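Listing of final.cif; format and content: mmCIF, C-alpha atoms.
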data_query
#
loop_
_atom_site.label_atom_id
_atom_site.label_comp_id
_atom_site.auth_asym_id
_atom_site.auth_seq_id
_atom_site.Cartn_x
_atom_site.Cartn_y
_atom_site.Cartn_z
CA MET A 1296 67.45 76.82 97.25
CA PRO A 1297 67.98 75.28 100.71
CA HIS A 1298 65.79 76.16 103.69
CA ASP A 1299 67.55 78.26 106.37
CA GLY A 1300 70.78 77.66 104.51
CA HIS A 1301 70.63 73.93 105.23
CA PRO A 1302 71.58 71.95 102.10
CA ASP A 1303 69.48 68.89 102.99
CA ILE A 1304 66.15 70.71 103.38
CA PRO A 1305 64.84 72.16 100.12
CA ASP A 1306 62.89 75.40 100.15
CA ASP A 1307 59.93 75.11 97.83
CA GLY A 1308 58.99 78.74 98.36
CA HIS A 1309 56.28 77.88 100.88
CA THR A 1310 56.31 78.30 104.62
CA GLY A 1311 54.75 74.84 104.88
CA ILE A 1312 58.21 73.28 104.79
CA LEU A 1313 59.02 74.98 108.10
CA ASN A 1314 55.98 73.52 109.78
CA ASP A 1315 56.52 70.14 108.13
CA VAL A 1316 60.06 69.77 109.50
CA ARG A 1317 59.03 70.91 112.98
CA THR A 1318 56.01 68.58 112.92
CA ARG A 1319 58.15 65.64 111.83
CA ILE A 1320 60.56 66.32 114.68
CA LEU A 1321 57.71 66.48 117.20
CA ASP A 1322 56.03 63.37 115.75
CA ALA A 1323 59.27 61.42 116.03
CA ALA A 1324 59.93 62.66 119.57
CA GLU A 1325 56.38 61.76 120.64
CA GLU A 1326 56.77 58.23 119.36
CA LEU A 1327 60.22 57.75 120.89
CA PHE A 1328 59.52 59.41 124.25
CA ALA A 1329 56.34 57.34 124.60
CA GLY A 1330 58.16 54.14 123.70
CA GLY A 1331 61.43 54.41 125.57
CA GLY A 1332 61.21 57.54 127.68
CA TYR A 1333 62.69 60.99 127.46
CA ALA A 1334 66.03 60.16 129.11
CA ALA A 1335 66.63 57.14 126.87
CA THR A 1336 66.02 59.05 123.64
CA PRO A 1337 68.95 60.94 122.11
CA THR A 1338 68.24 63.73 119.66
CA THR A 1339 70.15 61.80 117.00
CA LEU A 1340 67.47 59.11 117.16
CA ILE A 1341 64.74 61.76 116.90
CA ALA A 1342 66.48 63.20 113.82
CA LYS A 1343 66.81 59.76 112.24
CA LEU A 1344 63.12 58.91 112.72
CA ALA A 1345 62.08 62.41 111.57
CA LYS A 1346 64.34 62.04 108.52
CA VAL A 1347 66.08 65.36 109.15
CA PRO A 1348 69.75 66.20 109.68
CA GLY A 1349 70.70 66.05 113.36
CA ASP A 1350 71.85 69.65 113.57
CA LEU A 1351 68.48 70.85 112.26
CA ILE A 1352 66.74 69.85 115.50
CA SER A 1353 68.75 72.45 117.41
CA GLN A 1354 67.50 75.16 115.04
CA TYR A 1355 63.96 74.46 116.20
CA PHE A 1356 64.69 73.22 119.71
CA PRO A 1357 68.00 74.42 121.21
CA ARG A 1358 67.83 71.79 124.00
CA LYS A 1359 66.20 68.37 124.14
CA ILE A 1360 63.98 69.52 127.01
CA ASP A 1361 62.54 72.14 124.61
CA VAL A 1362 61.18 69.28 122.48
CA LEU A 1363 59.40 67.77 125.50
CA VAL A 1364 58.03 71.16 126.58
CA ALA A 1365 56.71 71.81 123.05
CA LEU A 1366 55.03 68.38 122.99
CA VAL A 1367 53.32 68.96 126.34
CA ASP A 1368 52.31 72.53 125.47
CA GLU A 1369 51.06 71.78 121.97
CA ARG A 1370 49.75 68.22 122.16
CA THR A 1371 48.03 68.01 125.53
CA HIS A 1372 45.13 70.13 126.62
CA VAL A 1373 43.18 70.19 129.86
CA GLU A 1374 39.67 71.31 129.06
CA GLU A 1375 38.10 73.67 131.54
CA ASN A 1376 34.35 73.41 131.45
CA ASP A 1377 31.55 74.14 133.89
CA GLN A 1378 29.08 71.74 132.30
CA VAL A 1379 28.49 68.56 134.26
CA ASP A 1380 25.76 65.97 133.94
CA ALA A 1381 24.61 65.96 137.58
CA VAL A 1382 21.34 64.47 138.77
CA PRO A 1383 20.10 65.53 142.24
CA GLY A 1384 19.98 62.50 144.51
CA ASP A 1385 22.24 60.41 142.24
CA PRO A 1386 25.88 61.03 143.24
CA ALA A 1387 27.02 57.63 141.93
CA GLY A 1388 25.51 58.18 138.49
CA THR A 1389 26.84 61.73 138.45
CA LEU A 1390 30.41 60.57 139.18
CA SER A 1391 30.11 57.70 136.69
CA ARG A 1392 29.20 60.10 133.92
CA LEU A 1393 31.99 62.46 134.96
CA ALA A 1394 34.54 59.62 134.88
CA ARG A 1395 33.75 58.97 131.23
CA VAL A 1396 34.68 62.48 130.12
CA LEU A 1397 38.20 62.89 131.44
CA PRO A 1398 39.08 66.48 130.54
CA LEU A 1399 42.43 65.60 128.98
CA ARG A 1400 42.81 65.83 125.23
CA ALA A 1401 45.95 63.96 124.22
CA SER A 1402 46.93 61.02 122.08
CA PRO A 1403 47.63 57.69 123.80
CA ALA A 1404 51.35 58.33 123.25
CA MET A 1405 51.15 61.75 124.87
CA ARG A 1406 49.26 60.27 127.81
CA ARG A 1407 52.13 57.77 128.27
CA ILE A 1408 54.62 60.62 128.16
CA LEU A 1409 52.66 62.66 130.70
CA PHE A 1410 52.52 59.87 133.23
CA ARG A 1411 56.02 58.56 132.58
CA GLU A 1412 57.77 61.93 132.82
CA ALA A 1413 55.68 63.61 135.56
CA ASP A 1414 58.26 63.10 138.28
CA THR A 1415 61.20 64.31 136.24
CA HIS A 1416 60.07 67.37 134.27
CA SER A 1417 58.27 70.42 135.64
CA SER A 1418 56.26 71.18 132.50
CA VAL A 1419 54.78 67.69 132.55
CA LYS A 1420 54.12 67.86 136.28
CA GLU A 1421 52.37 71.22 135.81
CA ARG A 1422 50.06 69.79 133.13
CA LEU A 1423 49.10 66.84 135.34
CA GLY A 1424 48.55 69.26 138.22
CA ARG A 1425 46.14 71.23 136.05
CA LEU A 1426 44.35 68.01 135.12
CA ASN A 1427 44.03 67.03 138.78
CA GLY A 1428 42.77 70.49 139.71
CA GLU A 1429 40.17 70.45 136.95
CA LEU A 1430 38.99 66.97 137.94
CA VAL A 1431 38.66 67.98 141.60
CA ARG A 1432 36.82 71.17 140.66
CA ARG A 1433 34.37 69.35 138.37
CA ALA A 1434 33.77 66.52 140.84
CA ARG A 1435 33.18 68.96 143.72
CA PHE A 1436 30.75 70.97 141.60
CA ALA A 1437 28.92 67.87 140.35
CA LEU A 1438 28.64 66.37 143.84
CA GLY A 1439 27.31 69.67 145.16
CA LEU A 1440 24.54 69.49 142.57
CA ALA A 1441 23.87 65.80 143.18
CA LEU A 1442 23.85 66.15 146.98
CA PRO A 1443 22.19 69.42 147.87
CA GLY A 1444 21.29 68.16 151.39
CA ALA A 1445 23.04 68.39 154.75
CA ARG A 1446 25.30 65.35 154.15
CA GLY A 1447 26.91 67.12 151.21
CA ASP A 1448 28.87 69.64 153.31
CA ALA A 1449 31.87 71.38 151.72
CA ALA A 1450 34.64 69.50 153.56
CA ARG A 1451 33.20 66.07 152.75
CA LEU A 1452 32.60 67.04 149.13
CA GLU A 1453 36.18 68.30 148.83
CA VAL A 1454 37.61 65.02 150.16
CA ALA A 1455 35.30 62.97 147.92
CA ALA A 1456 36.21 65.07 144.88
CA ALA A 1457 39.95 64.81 145.61
CA THR A 1458 39.66 61.04 146.08
CA PHE A 1459 37.73 60.69 142.85
CA ALA A 1460 40.34 62.72 140.93
CA ALA A 1461 43.23 60.75 142.46
CA ILE A 1462 41.64 57.45 141.47
CA LEU A 1463 40.95 58.63 137.91
CA ILE A 1464 44.52 59.84 137.47
CA TYR A 1465 45.90 56.66 139.02
CA GLN A 1466 43.62 54.64 136.73
CA GLU A 1467 44.99 56.47 133.70
CA ASN A 1468 48.54 55.70 134.78
CA LEU A 1469 47.71 52.08 135.66
CA CYS A 1470 46.09 51.56 132.27
CA GLN A 1471 49.18 52.94 130.51
CA LEU A 1472 51.48 50.64 132.49
CA THR A 1473 49.51 47.41 132.65
CA GLY A 1474 46.46 47.71 130.44
CA HIS A 1475 44.21 47.05 133.47
CA GLN A 1476 41.33 49.37 134.17
CA ILE A 1477 39.49 50.20 137.33
CA ASP A 1478 35.73 50.14 136.87
CA PRO A 1479 34.65 53.82 137.06
CA ASP A 1480 31.12 52.79 138.08
CA ALA A 1481 32.49 50.89 141.09
CA VAL A 1482 34.63 53.88 142.08
CA ALA A 1483 31.66 56.21 141.71
CA GLU A 1484 29.47 53.89 143.78
CA LEU A 1485 32.07 53.60 146.54
CA ILE A 1486 32.55 57.37 146.82
CA ALA A 1487 28.81 58.05 146.63
CA HIS A 1488 28.10 55.57 149.45
CA SER A 1489 30.60 57.38 151.65
CA LEU A 1490 28.61 60.60 151.23
CA VAL A 1491 25.04 59.41 151.81
#
Written as C-alpha cells, how would this file's structure read?
Amino acid sequence: MPHDGHPDIPDDGHTGILNDVRTRILDAAEELFAGGGYAATPTTLIAKLAKVPGDLISQYFPRKIDVLVALVDERTHVEENDQVDAVPGDPAGTLSRLARVLPLRASPAMRRILFREADTHSSVKERLGRLNGELVRRARFALGLALPGARGDAARLEVAAATFAAILIYQENLCQLTGHQIDPDAVAELIAHSLV
C-alpha cells in the first residue's frame, strides 16, 4: 500500500518510512545548498538526489524556504553554557581555550550554509546572531574572571568580547571560503594585551 497515497513510496506499516523520506530530503538539500547555494538549487534537484518524486517534497515542505528553515532549526545548535575555563591573570590563555570550543554544533556542510545564506535568509541570520551573542557573553564572562582588577572594567571587557566574537565568526567564514585559518592563540594574545 502506498504511503500518503503516493504510488512511488511504499508503506511498510511503520512510521519510519515517514522519517526516512523527510531525512533523505533534508540530507539532499544540505548537500546541495552547501555545494551550490540555496538560490541555485531547485527542488527538482533535491528530489532527484533524495530519490523521491518531486511532488513529494511539497508534502513535507510546502515552499523551498521551508527546507532551509528546517535544516537550520534541526541541524544547527548554539550551545548556551556558563562553564568557561578561565584562569585569573591569564586573559590570553582564557581566550585561547574559549576559541577552541566554538558553541556551534553543526556539520561542515551546515556551517557553509549558515555563512553563505546569512545575508539572504532571516532564519539563518537569526542563528548566526545567537551564535555571536553567545560568544560575546562567554568571552565577557571569561575575561571578567581572568581580569578581576581595575583594568578589566565593563566597557573594555564588552569591546574585547565583541571583537573576539567577531574574529571567531569571521574566521569560521574565512575557513569555509578559503581554507585559511587565523591562529586563535594570536587573536587571544592580541586582545589580552589590549586589556592589560
One number please: atom CA of Pro1403 of chain A to atom CA of Arg1422 of chain A, in Å, one decimal.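 Result for atom CA of Pro1403 of chain A versus atom CA of Arg1422 of chain A: 15.5 Å, one decimal.
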Polymer residues at most 10 Å from segment 1356-1371 of chain A, all atoms listed in the file, same-chain spacing of 6 or more positions, as an MDAnalysis selection string: chainID A and resid 1317 1320:1322 1324:1325 1328 1333:1334 1336:1338 1341 1350 1399:1402 1405:1406 1408:1409 1412 1416:1419 1421:1423
Ground truth for the PyMOL selection byres ((chain A and resi 1375) around 12), written as a ChimeraX atom specification: /A:1372-1374,1376-1379,1396-1400,1425-1433
Check what the PyMOL selection byres ((chain A and resi 1483) around 10) selects in the file above and give those residues as a VMD selection string. chain A and resid 1386 to 1394 1455 1459 1478 to 1482 1484 to 1488
Nearest residue to Ile1352 of chain A out of A:Thr1318, A:Gln1466, A:Gln1476, A:Thr1415, using all atoms listed in the file?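 Selected residue with least distance to Ile1352 of chain A: A:Thr1318.
Shortest atom-to-atom contact with Pro1443 of chain A among A:Val1382, A:Leu1469, A:Ala1457, A:Ala1413: A:Val1382, counting only C-alpha atoms.
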Do you have the atom CA of Asp1315 of chain A-atom CA of Val1347 of chain A distance handy?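 Taking atom CA of Asp1315 of chain A as the start and atom CA of Val1347 of chain A as the end point, the length is 10.7 Å.
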Report the distance between atom CA of Leu1440 of chain A and atom CA of Leu1452 of chain A in Å, rounded to one decimal place. 10.7 Å
Mind giving me the axis-aligned box for segment 1424-1433 of chain A with 8 Å on every side, centre plus edges in Å to one decimal, as lines of an AutoDock Vina configuration file?
center_x = 41.5
center_y = 69.1
center_z = 138.4
size_x = 30.2
size_y = 20.3
size_z = 22.5
Closest to Pro1348 of chain A among A:Glu1326, A:Val1316, A:Arg1411, A:Ala1404, using all atoms listed in the file?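 Ranked by minimum distance to Pro1348 of chain A, first place goes to A:Val1316.
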Using all atoms listed in the file, which residues sit within 12 Å of Arg1451 of chain A once same-chain residues fewer than 4 positions away are excluded, as a compact mmCIF listing (two decimals) with C-alpha atoms, in the frame of the given file?
# COMPACT_ATOMS: atom_id res chain seq x y z
CA ALA A 1434 33.77 66.52 140.84
CA ARG A 1435 33.18 68.96 143.72
CA LEU A 1438 28.64 66.37 143.84
CA GLY A 1439 27.31 69.67 145.16
CA LEU A 1442 23.85 66.15 146.98
CA ALA A 1445 23.04 68.39 154.75
CA ARG A 1446 25.30 65.35 154.15
CA GLY A 1447 26.91 67.12 151.21
CA ALA A 1455 35.30 62.97 147.92
CA ALA A 1456 36.21 65.07 144.88
CA ALA A 1457 39.95 64.81 145.61
CA THR A 1458 39.66 61.04 146.08
CA ILE A 1486 32.55 57.37 146.82
CA ALA A 1487 28.81 58.05 146.63
CA SER A 1489 30.60 57.38 151.65
CA LEU A 1490 28.61 60.60 151.23
CA VAL A 1491 25.04 59.41 151.81
As a short mmCIF file (atom, residue, chain, number, x, y, z; two decimals), keeping the file's coordinate frame, please: segment 1361-1372 of chain A completed to all heavy atoms.
data_model
loop_
_atom_site.label_atom_id
_atom_site.label_comp_id
_atom_site.auth_asym_id
_atom_site.auth_seq_id
_atom_site.Cartn_x
_atom_site.Cartn_y
_atom_site.Cartn_z
N ASP A 1361 63.44 71.27 125.38
CA ASP A 1361 62.54 72.14 124.61
C ASP A 1361 61.60 71.32 123.73
O ASP A 1361 60.47 71.74 123.46
CB ASP A 1361 63.34 73.14 123.77
CG ASP A 1361 64.17 74.08 124.63
OD1 ASP A 1361 63.73 74.42 125.75
OD2 ASP A 1361 65.27 74.47 124.18
N VAL A 1362 62.04 70.17 123.28
CA VAL A 1362 61.18 69.28 122.48
C VAL A 1362 60.06 68.75 123.38
O VAL A 1362 58.88 68.78 122.99
CB VAL A 1362 61.99 68.10 121.88
CG1 VAL A 1362 61.07 67.17 121.11
CG2 VAL A 1362 63.11 68.61 120.98
N LEU A 1363 60.42 68.29 124.57
CA LEU A 1363 59.40 67.77 125.50
C LEU A 1363 58.41 68.87 125.89
O LEU A 1363 57.20 68.65 125.90
CB LEU A 1363 60.07 67.19 126.75
CG LEU A 1363 59.11 66.62 127.80
CD1 LEU A 1363 58.31 65.45 127.25
CD2 LEU A 1363 59.88 66.21 129.05
N VAL A 1364 58.91 70.05 126.20
CA VAL A 1364 58.03 71.16 126.58
C VAL A 1364 57.07 71.49 125.44
O VAL A 1364 55.88 71.69 125.66
CB VAL A 1364 58.86 72.39 127.00
CG1 VAL A 1364 57.98 73.63 127.14
CG2 VAL A 1364 59.60 72.11 128.31
N ALA A 1365 57.57 71.52 124.21
CA ALA A 1365 56.71 71.81 123.05
C ALA A 1365 55.64 70.72 122.90
O ALA A 1365 54.47 71.03 122.63
CB ALA A 1365 57.53 71.91 121.77
N LEU A 1366 56.02 69.46 123.08
CA LEU A 1366 55.03 68.38 122.99
C LEU A 1366 53.93 68.56 124.02
O LEU A 1366 52.74 68.47 123.71
CB LEU A 1366 55.71 67.02 123.20
CG LEU A 1366 56.48 66.45 122.02
CD1 LEU A 1366 57.26 65.21 122.44
CD2 LEU A 1366 55.54 66.13 120.87
N VAL A 1367 54.31 68.81 125.26
CA VAL A 1367 53.32 68.96 126.34
C VAL A 1367 52.45 70.18 126.07
O VAL A 1367 51.22 70.12 126.18
CB VAL A 1367 54.02 69.06 127.71
CG1 VAL A 1367 53.04 69.47 128.80
CG2 VAL A 1367 54.69 67.72 128.06
N ASP A 1368 53.07 71.29 125.70
CA ASP A 1368 52.31 72.53 125.47
C ASP A 1368 51.37 72.43 124.28
O ASP A 1368 50.25 72.93 124.31
CB ASP A 1368 53.25 73.72 125.25
CG ASP A 1368 53.92 74.17 126.53
OD1 ASP A 1368 53.48 73.74 127.63
OD2 ASP A 1368 54.88 74.96 126.45
N GLU A 1369 51.81 71.78 123.22
CA GLU A 1369 51.06 71.78 121.97
C GLU A 1369 50.16 70.56 121.78
O GLU A 1369 49.20 70.62 121.02
CB GLU A 1369 52.02 71.88 120.79
CG GLU A 1369 52.81 73.18 120.77
CD GLU A 1369 53.90 73.20 119.71
OE1 GLU A 1369 53.79 72.45 118.72
OE2 GLU A 1369 54.87 73.97 119.89
N ARG A 1370 50.48 69.46 122.45
CA ARG A 1370 49.75 68.22 122.16
C ARG A 1370 48.98 67.65 123.33
O ARG A 1370 48.47 66.54 123.25
CB ARG A 1370 50.73 67.19 121.60
CG ARG A 1370 51.31 67.66 120.26
CD ARG A 1370 52.11 66.62 119.58
NE ARG A 1370 52.58 67.11 118.28
CZ ARG A 1370 53.13 66.35 117.38
NH1 ARG A 1370 53.31 65.07 117.60
NH2 ARG A 1370 53.53 66.87 116.24
N THR A 1371 48.91 68.39 124.41
CA THR A 1371 48.03 68.01 125.53
C THR A 1371 47.23 69.24 125.91
O THR A 1371 47.73 70.36 125.88
CB THR A 1371 48.81 67.50 126.76
OG1 THR A 1371 49.57 68.55 127.32
CG2 THR A 1371 49.68 66.32 126.42
N HIS A 1372 46.00 69.01 126.25
CA HIS A 1372 45.13 70.13 126.62
C HIS A 1372 44.18 69.67 127.72
O HIS A 1372 43.53 68.63 127.59
CB HIS A 1372 44.33 70.61 125.40
CG HIS A 1372 43.37 71.70 125.71
ND1 HIS A 1372 43.77 72.97 126.04
CD2 HIS A 1372 42.03 71.70 125.76
CE1 HIS A 1372 42.70 73.71 126.28
NE2 HIS A 1372 41.63 72.96 126.12
#
